[in-house]
file final_24.cif (mmCIF, C-alpha atoms)
data_my_file
#
loop_
_atom_site.label_atom_id
_atom_site.label_comp_id
_atom_site.auth_asym_id
_atom_site.auth_seq_id
_atom_site.Cartn_x
_atom_site.Cartn_y
_atom_site.Cartn_z
CA MET A 1 -1.35 -19.85 -44.80
CA SER A 2 -2.73 -23.38 -44.79
CA GLY A 3 -1.62 -25.78 -47.49
CA LEU A 4 -4.60 -28.10 -46.97
CA LYS A 5 -5.23 -30.15 -50.10
CA PRO A 6 -8.56 -31.63 -51.22
CA ALA A 7 -7.36 -35.15 -50.39
CA SER A 8 -6.49 -34.08 -46.84
CA TRP A 9 -9.85 -32.35 -46.43
CA SER A 10 -11.68 -35.49 -47.59
CA TYR A 11 -9.58 -37.66 -45.29
CA ALA A 12 -10.38 -35.44 -42.31
CA GLU A 13 -14.07 -35.19 -43.28
CA GLU A 14 -14.44 -38.97 -43.23
CA PHE A 15 -11.95 -39.66 -40.42
CA VAL A 16 -14.73 -40.49 -37.95
CA PRO A 17 -16.85 -43.20 -39.60
CA GLU A 18 -20.53 -42.45 -40.01
CA PRO A 19 -22.60 -44.94 -37.99
CA GLU A 20 -25.10 -46.95 -40.04
CA VAL A 21 -28.11 -45.42 -38.31
CA VAL A 22 -26.77 -41.92 -39.09
CA GLU A 23 -26.11 -42.90 -42.70
CA ALA A 24 -29.70 -44.12 -43.03
CA ALA A 25 -31.03 -40.84 -41.61
CA ARG A 26 -28.78 -38.87 -43.93
CA ARG A 27 -30.06 -40.78 -46.98
CA ARG A 28 -33.63 -40.08 -45.92
CA GLY A 29 -32.84 -36.39 -45.46
CA VAL A 30 -31.38 -36.24 -48.95
CA GLU A 31 -34.54 -37.86 -50.29
CA PHE A 32 -36.62 -35.09 -48.73
CA GLY A 33 -34.71 -32.64 -50.90
CA HIS A 34 -35.28 -29.67 -48.60
CA ALA A 35 -33.70 -31.08 -45.43
CA THR A 36 -30.03 -31.29 -46.36
CA PRO A 37 -28.35 -33.27 -43.58
CA VAL A 38 -25.28 -32.17 -41.67
CA GLY A 39 -22.02 -33.50 -43.13
CA THR A 40 -20.08 -36.31 -41.50
CA GLY A 41 -17.23 -34.03 -40.44
CA ALA A 42 -19.58 -31.50 -38.89
CA GLY A 43 -21.54 -34.28 -37.21
CA ALA A 44 -18.39 -35.65 -35.59
CA VAL A 45 -17.58 -32.16 -34.30
CA LEU A 46 -21.10 -31.79 -32.88
CA ARG A 47 -20.70 -35.07 -31.02
CA LEU A 48 -17.34 -33.91 -29.69
CA LEU A 49 -18.71 -30.56 -28.55
CA ALA A 50 -21.68 -32.13 -26.79
CA ALA A 51 -19.36 -34.53 -25.01
CA SER A 52 -16.88 -31.80 -24.10
CA VAL A 53 -19.43 -29.89 -22.01
CA GLN A 54 -21.45 -32.95 -20.93
CA ALA A 55 -24.44 -31.29 -22.56
CA ARG A 56 -27.62 -32.43 -20.81
CA HIS A 57 -29.87 -29.76 -22.27
CA VAL A 58 -29.51 -29.20 -26.01
CA VAL A 59 -31.66 -27.28 -28.49
CA GLU A 60 -31.61 -28.01 -32.20
CA VAL A 61 -33.23 -25.60 -34.66
CA GLY A 62 -34.01 -27.72 -37.71
CA THR A 63 -34.72 -31.41 -37.11
CA GLY A 64 -34.45 -32.69 -40.67
CA ALA A 65 -34.49 -36.49 -40.76
CA GLY A 66 -32.57 -36.71 -37.48
CA THR A 67 -28.96 -36.85 -38.70
CA SER A 68 -27.59 -34.03 -36.55
CA GLY A 69 -29.75 -35.09 -33.62
CA LEU A 70 -28.17 -38.55 -33.67
CA TRP A 71 -24.68 -37.04 -33.60
CA LEU A 72 -25.65 -34.79 -30.69
CA LEU A 73 -27.29 -37.58 -28.70
CA ALA A 74 -24.19 -39.73 -29.17
CA GLY A 75 -22.13 -37.09 -27.36
CA MET A 76 -24.63 -36.29 -24.62
CA PRO A 77 -24.81 -38.05 -21.24
CA GLU A 78 -27.39 -40.81 -20.82
CA ASP A 79 -29.74 -38.45 -18.99
CA GLY A 80 -29.40 -35.70 -21.61
CA VAL A 81 -32.47 -34.40 -23.44
CA LEU A 82 -32.44 -33.06 -27.00
CA THR A 83 -35.12 -30.48 -27.81
CA THR A 84 -35.52 -30.31 -31.57
CA ILE A 85 -37.69 -27.82 -33.46
CA ASP A 86 -38.97 -28.11 -37.03
CA ARG A 87 -42.03 -26.88 -38.88
CA SER A 88 -42.32 -30.17 -40.82
CA ALA A 89 -44.19 -33.02 -39.16
CA GLU A 90 -42.89 -35.32 -41.92
CA HIS A 91 -39.31 -34.53 -41.00
CA GLN A 92 -40.00 -35.12 -37.35
CA ARG A 93 -41.65 -38.49 -37.97
CA ALA A 94 -38.50 -39.55 -39.80
CA ALA A 95 -36.32 -38.22 -36.99
CA ARG A 96 -38.32 -40.09 -34.33
CA GLU A 97 -37.86 -43.29 -36.31
CA ALA A 98 -34.12 -42.62 -36.53
CA TYR A 99 -33.83 -42.00 -32.79
CA ALA A 100 -35.74 -45.20 -32.05
CA SER A 101 -33.59 -47.19 -34.48
CA ALA A 102 -30.51 -45.94 -32.64
CA GLY A 103 -31.96 -47.18 -29.34
CA TYR A 104 -32.77 -43.82 -27.74
CA ALA A 105 -35.75 -43.85 -25.39
CA PRO A 106 -38.58 -41.42 -26.25
CA GLN A 107 -37.87 -39.33 -23.14
CA ARG A 108 -34.39 -38.49 -24.50
CA THR A 109 -35.96 -36.20 -27.11
CA ARG A 110 -38.52 -33.41 -27.01
CA VAL A 111 -39.78 -32.93 -30.56
CA ILE A 112 -41.59 -29.63 -31.14
CA THR A 113 -43.48 -29.06 -34.39
CA GLY A 114 -43.66 -25.39 -35.22
CA ALA A 115 -41.82 -22.36 -36.56
CA ALA A 116 -38.64 -21.71 -34.59
CA ARG A 117 -39.36 -17.97 -34.58
CA ASP A 118 -42.51 -18.74 -32.55
CA VAL A 119 -41.04 -21.46 -30.31
CA LEU A 120 -37.68 -19.97 -29.32
CA PRO A 121 -39.04 -16.83 -27.60
CA ARG A 122 -40.92 -19.07 -25.14
CA MET A 123 -37.79 -20.93 -24.04
CA THR A 124 -35.88 -20.14 -20.85
CA ASP A 125 -32.85 -17.87 -20.73
CA GLY A 126 -29.54 -19.50 -19.80
CA ALA A 127 -31.06 -22.97 -19.46
CA TYR A 128 -29.19 -24.83 -22.18
CA ASP A 129 -25.72 -26.27 -22.57
CA MET A 130 -25.66 -26.24 -26.36
CA VAL A 131 -27.70 -24.89 -29.28
CA LEU A 132 -27.38 -26.00 -32.91
CA VAL A 133 -28.83 -23.83 -35.68
CA ASP A 134 -29.33 -25.68 -38.97
CA ALA A 135 -32.57 -24.56 -40.58
CA ASP A 136 -33.79 -22.01 -43.14
CA LYS A 137 -30.99 -19.54 -43.78
CA ASP A 138 -33.30 -16.51 -43.86
CA GLY A 139 -34.10 -17.15 -40.22
CA TYR A 140 -30.50 -17.57 -39.03
CA PRO A 141 -29.98 -14.08 -37.55
CA GLY A 142 -33.09 -14.35 -35.39
CA TYR A 143 -32.42 -17.95 -34.38
CA VAL A 144 -28.85 -17.15 -33.38
CA GLU A 145 -29.95 -14.15 -31.34
CA HIS A 146 -32.24 -16.41 -29.32
CA ALA A 147 -29.57 -19.13 -29.13
CA VAL A 148 -27.14 -16.80 -27.37
CA ARG A 149 -29.88 -15.89 -24.88
CA LEU A 150 -30.68 -19.54 -24.21
CA LEU A 151 -27.10 -20.58 -23.50
CA ARG A 152 -25.61 -20.74 -20.01
CA PRO A 153 -22.13 -19.29 -19.51
CA GLY A 154 -19.74 -21.85 -20.98
CA GLY A 155 -22.47 -23.16 -23.28
CA ILE A 156 -21.80 -23.82 -26.96
CA LEU A 157 -23.41 -22.37 -30.05
CA ALA A 158 -22.99 -24.25 -33.34
CA VAL A 159 -24.23 -22.88 -36.68
CA ASP A 160 -24.08 -25.08 -39.78
CA ASN A 161 -23.58 -24.09 -43.46
CA MET A 162 -21.56 -21.00 -42.59
CA LEU A 163 -19.29 -21.41 -45.63
CA TRP A 164 -22.35 -22.01 -47.84
CA HIS A 165 -21.01 -24.07 -50.72
CA ASP A 166 -17.72 -22.10 -50.81
CA GLN A 167 -19.59 -18.88 -51.56
CA VAL A 168 -19.08 -17.05 -48.26
CA ALA A 169 -15.30 -16.93 -48.81
CA ASP A 170 -15.73 -15.52 -52.32
CA PRO A 171 -16.21 -11.73 -52.18
CA ALA A 172 -17.71 -11.85 -55.67
CA SER A 173 -20.65 -13.90 -54.36
CA ARG A 174 -23.27 -11.32 -53.47
CA ASP A 175 -26.56 -13.21 -53.46
CA ALA A 176 -28.80 -12.49 -50.49
CA THR A 177 -28.18 -15.76 -48.63
CA THR A 178 -24.41 -15.60 -48.98
CA VAL A 179 -24.27 -11.98 -47.86
CA ALA A 180 -26.52 -12.70 -44.88
CA LEU A 181 -24.39 -15.65 -43.74
CA ARG A 182 -21.15 -13.71 -44.29
CA ASP A 183 -22.48 -10.79 -42.23
CA LEU A 184 -23.78 -13.11 -39.51
CA GLY A 185 -20.40 -14.79 -39.20
CA LYS A 186 -18.68 -11.43 -38.74
CA THR A 187 -21.29 -10.38 -36.18
CA LEU A 188 -20.72 -13.52 -34.14
CA ARG A 189 -16.95 -13.19 -34.48
CA ASP A 190 -17.13 -9.72 -32.95
CA HIS A 191 -19.79 -10.52 -30.33
CA ASP A 192 -18.63 -9.46 -26.86
CA GLU A 193 -20.26 -12.46 -25.18
CA LEU A 194 -18.82 -15.12 -27.49
CA VAL A 195 -15.49 -16.77 -28.21
CA THR A 196 -15.87 -17.84 -31.84
CA ALA A 197 -14.18 -19.98 -34.49
CA LEU A 198 -15.21 -20.96 -38.01
CA LEU A 199 -14.28 -24.57 -38.77
CA PRO A 200 -13.80 -25.69 -42.39
CA VAL A 201 -15.64 -28.99 -41.93
CA SER A 202 -18.49 -30.10 -44.18
CA ASP A 203 -20.20 -26.89 -45.34
CA GLY A 204 -18.62 -24.78 -42.60
CA LEU A 205 -19.44 -25.06 -38.91
CA LEU A 206 -19.22 -21.90 -36.83
CA VAL A 207 -18.79 -22.67 -33.14
CA ALA A 208 -18.78 -20.29 -30.20
CA VAL A 209 -18.62 -20.49 -26.43
CA ARG A 210 -20.67 -18.04 -24.39
CA ARG A 211 -18.56 -16.17 -21.86
#

call {"tool": "encode", "arguments": {"input": "final_24.cif", "output": "structure tokens"}}
result
Amino acid sequence: MSGLKPASWSYAEEFVPEPEVVEAARRRGVEFGHATPVGTGAGAVLRLLAASVQARHVVEVGTGAGTSGLWLLAGMPEDGVLTTIDRSAEHQRAAREAYASAGYAPQRTRVITGAARDVLPRMTDGAYDMVLVDADKDGYPGYVEHAVRLLRPGGILAVDNMLWHDQVADPASRDATTVALRDLGKTLRDHDELVTALLPVSDGLLVAVRR
């Protein structure tokens, strides 16, 4: 059993410094109020994962103000393209500004405005190196189902907020969102095509490799 203490968790969470451009995007996401940005620890892991597979083709479900996209782009090769999907044009304007501030050329990102449930079915099977799901929690099961389809063998799935404010680990928490995320985590853990781990960074980052 782990003896991890809050001070150690905080130290690990902030071990990789947040770049200024990411911090600015995070602040803007917080200001939106309904686009909670990925935590610094989870962002550092996303960068690491993208770098580990040299991810040239990445899909992000939930653009927000661009925080997670910046972490992903920082780990991708120079010719990598991030496809990011969000229903909010306001969010995507903020994200484009963040990408430009970080020095990424417009062709490095493909920004799609629309509902992920409508966009994902039109995307190509097995064509992507990595998929991040970080959007409305009600849509997670459907988004993840498509994400597995989109990944090539050896590709990485990342799903944010899978500890959901410490509620997923508490069996007494039975609200609809918590139950849905808890059940989704177990489904992915037992998925025959995935090798899965749940990382206690930020608000919980579930990661899986497609066999």

call {"tool": "resolve_selection", "arguments": {"input": "final_24.cif", "expression": "the PyMOL selection byres ((chain A and resi 30-41) around 8)", "output": "MDAnalysis selection string"}}
result
chainID A and resid 12:18 26:29 42:45 64:65 67:68 91 160 201:203

call {"tool": "atom_distance", "arguments": {"input": "final_24.cif", "atom1": "atom CA of Gly185 of chain A", "atom2": "atom CA of Gly114 of chain A"}}
result
25.9 Å

call {"tool": "atom_distance", "arguments": {"input": "final_24.cif", "atom1": "atom CA of Ala105 of chain A", "atom2": "atom CA of Arg87 of chain A"}}
result
22.6 Å

call {"tool": "atom_distance", "arguments": {"input": "final_24.cif", "atom1": "atom CA of Leu49 of chain A", "atom2": "atom CA of Ala89 of chain A"}}
result
27.7 Å

call {"tool": "residues_around", "arguments": {"input": "final_24.cif", "residues": "Arg182 of chain A", "least_positions_apart": "3", "cutoff": "8 Å", "atoms": "all atoms listed in the file", "output": "ChimeraX atom specification"}}
result
/A:162,168,178-179,185-186

call {"tool": "axis_aligned_box", "arguments": {"input": "final_24.cif", "around": "segment 167-170 of chain A", "padding_each_side": "4 Å", "output": "lines of an AutoDock Vina configuration file"}}
result
center_x = -17.4
center_y = -17.2
center_z = -50.3
size_x = 12.3
size_y = 11.4
size_z = 12.1

call {"tool": "residues_around", "arguments": {"input": "final_24.cif", "residues": "segment 143-159 of chain A", "least_positions_apart": "3", "cutoff": "6 Å", "atoms": "all atoms listed in the file", "output": "list in words"}}
result
Asp125, Gly126, Ala127, Tyr128, Asp129, Met130, Val131, Leu132, Val133, Tyr140, Leu205, Leu206, Val207, Ala208, Val209, Arg210 and Arg211 of chain A

call {"tool": "resolve_selection", "arguments": {"input": "final_24.cif", "expression": "the PyMOL selection byres ((chain A and resi 47) around 8)", "output": "PyMOL selection string"}}
result
chain A and resi 43-46+48-51+71-76

call {"tool": "resolve_selection", "arguments": {"input": "final_24.cif", "expression": "the PyMOL selection byres ((chain A and resi 108-111) around 7)", "output": "list in words"}}
result
Gly80, Val81, Leu82, Thr83, Thr84, Ile85, Tyr104, Ala105, Pro106, Gln107, Ile112 and Thr113 of chain A

call {"tool": "closest_residue", "arguments": {"input": "final_24.cif", "among": "A:Lys5, A:Gln92, A:Ala176, A:Ser101", "to": "Glu23 of chain A", "atoms": "all atoms listed in the file"}}
result
A:Ser101

call {"tool": "closest_residue", "arguments": {"input": "final_24.cif", "among": "A:Gly62, A:Pro121, A:Pro77, A:Gly69", "to": "Glu97 of chain A", "atoms": "all atoms listed in the file"}}
result
A:Gly69

call {"tool": "closest_residue", "arguments": {"input": "final_24.cif", "among": "A:Arg122, A:Thr177, A:Leu163, A:Asp170", "to": "Leu199 of chain A", "atoms": "all atoms listed in the file"}}
result
A:Leu163

call {"tool": "closest_residue", "arguments": {"input": "final_24.cif", "among": "A:Met123, A:Ala102, A:Val22, A:Ala135", "to": "Thr63 of chain A", "atoms": "all atoms listed in the file"}}
result
A:Ala135

call {"tool": "closest_residue", "arguments": {"input": "final_24.cif", "among": "A:Ala116, A:Ala55, A:Ala180, A:Ala25", "to": "Ala100 of chain A", "atoms": "only C-alpha atoms"}}
result
A:Ala25

call {"tool": "closest_residue", "arguments": {"input": "final_24.cif", "among": "A:Gly103, A:Ala95, A:Pro200, A:Val119", "to": "His165 of chain A", "atoms": "only C-alpha atoms"}}
result
A:Pro200

call {"tool": "build_atoms", "arguments": {"input": "final_24.cif", "residues": "segment 120-136 of chain A", "atoms": "N, CA, C and O atoms", "output": "PDB file, keeping the file's coordinate frame"}}
result
ATOM      1  N   LEU A 120     -38.865 -20.405 -30.061  1.00  0.00           N
ATOM      2  CA  LEU A 120     -37.680 -19.970 -29.320  1.00  0.00           C
ATOM      3  C   LEU A 120     -37.967 -18.870 -28.289  1.00  0.00           C
ATOM      4  O   LEU A 120     -37.418 -18.913 -27.183  1.00  0.00           O
ATOM      5  N   PRO A 121     -38.801 -17.879 -28.600  1.00  0.00           N
ATOM      6  CA  PRO A 121     -39.040 -16.830 -27.600  1.00  0.00           C
ATOM      7  C   PRO A 121     -39.656 -17.348 -26.305  1.00  0.00           C
ATOM      8  O   PRO A 121     -39.558 -16.678 -25.261  1.00  0.00           O
ATOM      9  N   ARG A 122     -40.273 -18.526 -26.333  1.00  0.00           N
ATOM     10  CA  ARG A 122     -40.920 -19.070 -25.140  1.00  0.00           C
ATOM     11  C   ARG A 122     -39.966 -19.916 -24.292  1.00  0.00           C
ATOM     12  O   ARG A 122     -40.352 -20.408 -23.237  1.00  0.00           O
ATOM     13  N   MET A 123     -38.741 -20.083 -24.742  1.00  0.00           N
ATOM     14  CA  MET A 123     -37.790 -20.930 -24.040  1.00  0.00           C
ATOM     15  C   MET A 123     -36.982 -20.118 -23.033  1.00  0.00           C
ATOM     16  O   MET A 123     -36.823 -18.906 -23.170  1.00  0.00           O
ATOM     17  N   THR A 124     -36.449 -20.798 -22.022  1.00  0.00           N
ATOM     18  CA  THR A 124     -35.880 -20.140 -20.850  1.00  0.00           C
ATOM     19  C   THR A 124     -34.448 -19.666 -21.056  1.00  0.00           C
ATOM     20  O   THR A 124     -33.593 -20.420 -21.537  1.00  0.00           O
ATOM     21  N   ASP A 125     -34.191 -18.441 -20.641  1.00  0.00           N
ATOM     22  CA  ASP A 125     -32.850 -17.870 -20.730  1.00  0.00           C
ATOM     23  C   ASP A 125     -31.839 -18.707 -19.942  1.00  0.00           C
ATOM     24  O   ASP A 125     -32.119 -19.134 -18.811  1.00  0.00           O
ATOM     25  N   GLY A 126     -30.650 -18.895 -20.514  1.00  0.00           N
ATOM     26  CA  GLY A 126     -29.540 -19.500 -19.800  1.00  0.00           C
ATOM     27  C   GLY A 126     -29.756 -20.922 -19.333  1.00  0.00           C
ATOM     28  O   GLY A 126     -29.045 -21.393 -18.436  1.00  0.00           O
ATOM     29  N   ALA A 127     -30.698 -21.641 -19.948  1.00  0.00           N
ATOM     30  CA  ALA A 127     -31.060 -22.970 -19.460  1.00  0.00           C
ATOM     31  C   ALA A 127     -30.447 -24.106 -20.254  1.00  0.00           C
ATOM     32  O   ALA A 127     -30.661 -25.275 -19.919  1.00  0.00           O
ATOM     33  N   TYR A 128     -29.655 -23.788 -21.279  1.00  0.00           N
ATOM     34  CA  TYR A 128     -29.190 -24.830 -22.180  1.00  0.00           C
ATOM     35  C   TYR A 128     -27.667 -24.848 -22.288  1.00  0.00           C
ATOM     36  O   TYR A 128     -27.002 -23.819 -22.224  1.00  0.00           O
ATOM     37  N   ASP A 129     -27.157 -26.068 -22.464  1.00  0.00           N
ATOM     38  CA  ASP A 129     -25.720 -26.270 -22.570  1.00  0.00           C
ATOM     39  C   ASP A 129     -25.207 -26.091 -23.999  1.00  0.00           C
ATOM     40  O   ASP A 129     -24.023 -25.814 -24.195  1.00  0.00           O
ATOM     41  N   MET A 130     -26.087 -26.285 -24.961  1.00  0.00           N
ATOM     42  CA  MET A 130     -25.660 -26.240 -26.360  1.00  0.00           C
ATOM     43  C   MET A 130     -26.868 -25.953 -27.242  1.00  0.00           C
ATOM     44  O   MET A 130     -27.981 -26.431 -26.960  1.00  0.00           O
ATOM     45  N   VAL A 131     -26.661 -25.165 -28.282  1.00  0.00           N
ATOM     46  CA  VAL A 131     -27.700 -24.890 -29.280  1.00  0.00           C
ATOM     47  C   VAL A 131     -27.087 -25.064 -30.672  1.00  0.00           C
ATOM     48  O   VAL A 131     -26.028 -24.497 -30.959  1.00  0.00           O
ATOM     49  N   LEU A 132     -27.760 -25.843 -31.513  1.00  0.00           N
ATOM     50  CA  LEU A 132     -27.380 -26.000 -32.910  1.00  0.00           C
ATOM     51  C   LEU A 132     -28.419 -25.310 -33.783  1.00  0.00           C
ATOM     52  O   LEU A 132     -29.625 -25.543 -33.631  1.00  0.00           O
ATOM     53  N   VAL A 133     -27.959 -24.475 -34.701  1.00  0.00           N
ATOM     54  CA  VAL A 133     -28.830 -23.830 -35.680  1.00  0.00           C
ATOM     55  C   VAL A 133     -28.519 -24.413 -37.052  1.00  0.00           C
ATOM     56  O   VAL A 133     -27.393 -24.282 -37.551  1.00  0.00           O
ATOM     57  N   ASP A 134     -29.510 -25.066 -37.652  1.00  0.00           N
ATOM     58  CA  ASP A 134     -29.330 -25.680 -38.970  1.00  0.00           C
ATOM     59  C   ASP A 134     -30.698 -25.772 -39.631  1.00  0.00           C
ATOM     60  O   ASP A 134     -31.276 -26.845 -39.765  1.00  0.00           O
ATOM     61  N   ALA A 135     -31.216 -24.623 -40.024  1.00  0.00           N
ATOM     62  CA  ALA A 135     -32.570 -24.560 -40.580  1.00  0.00           C
ATOM     63  C   ALA A 135     -32.564 -23.590 -41.766  1.00  0.00           C
ATOM     64  O   ALA A 135     -31.551 -23.453 -42.450  1.00  0.00           O
ATOM     65  N   ASP A 136     -33.705 -22.942 -42.031  1.00  0.00           N
ATOM     66  CA  ASP A 136     -33.790 -22.010 -43.140  1.00  0.00           C
ATOM     67  C   ASP A 136     -32.828 -20.843 -42.912  1.00  0.00           C
ATOM     68  O   ASP A 136     -32.770 -20.267 -41.826  1.00  0.00           O
TER      69      ASP A 136
END
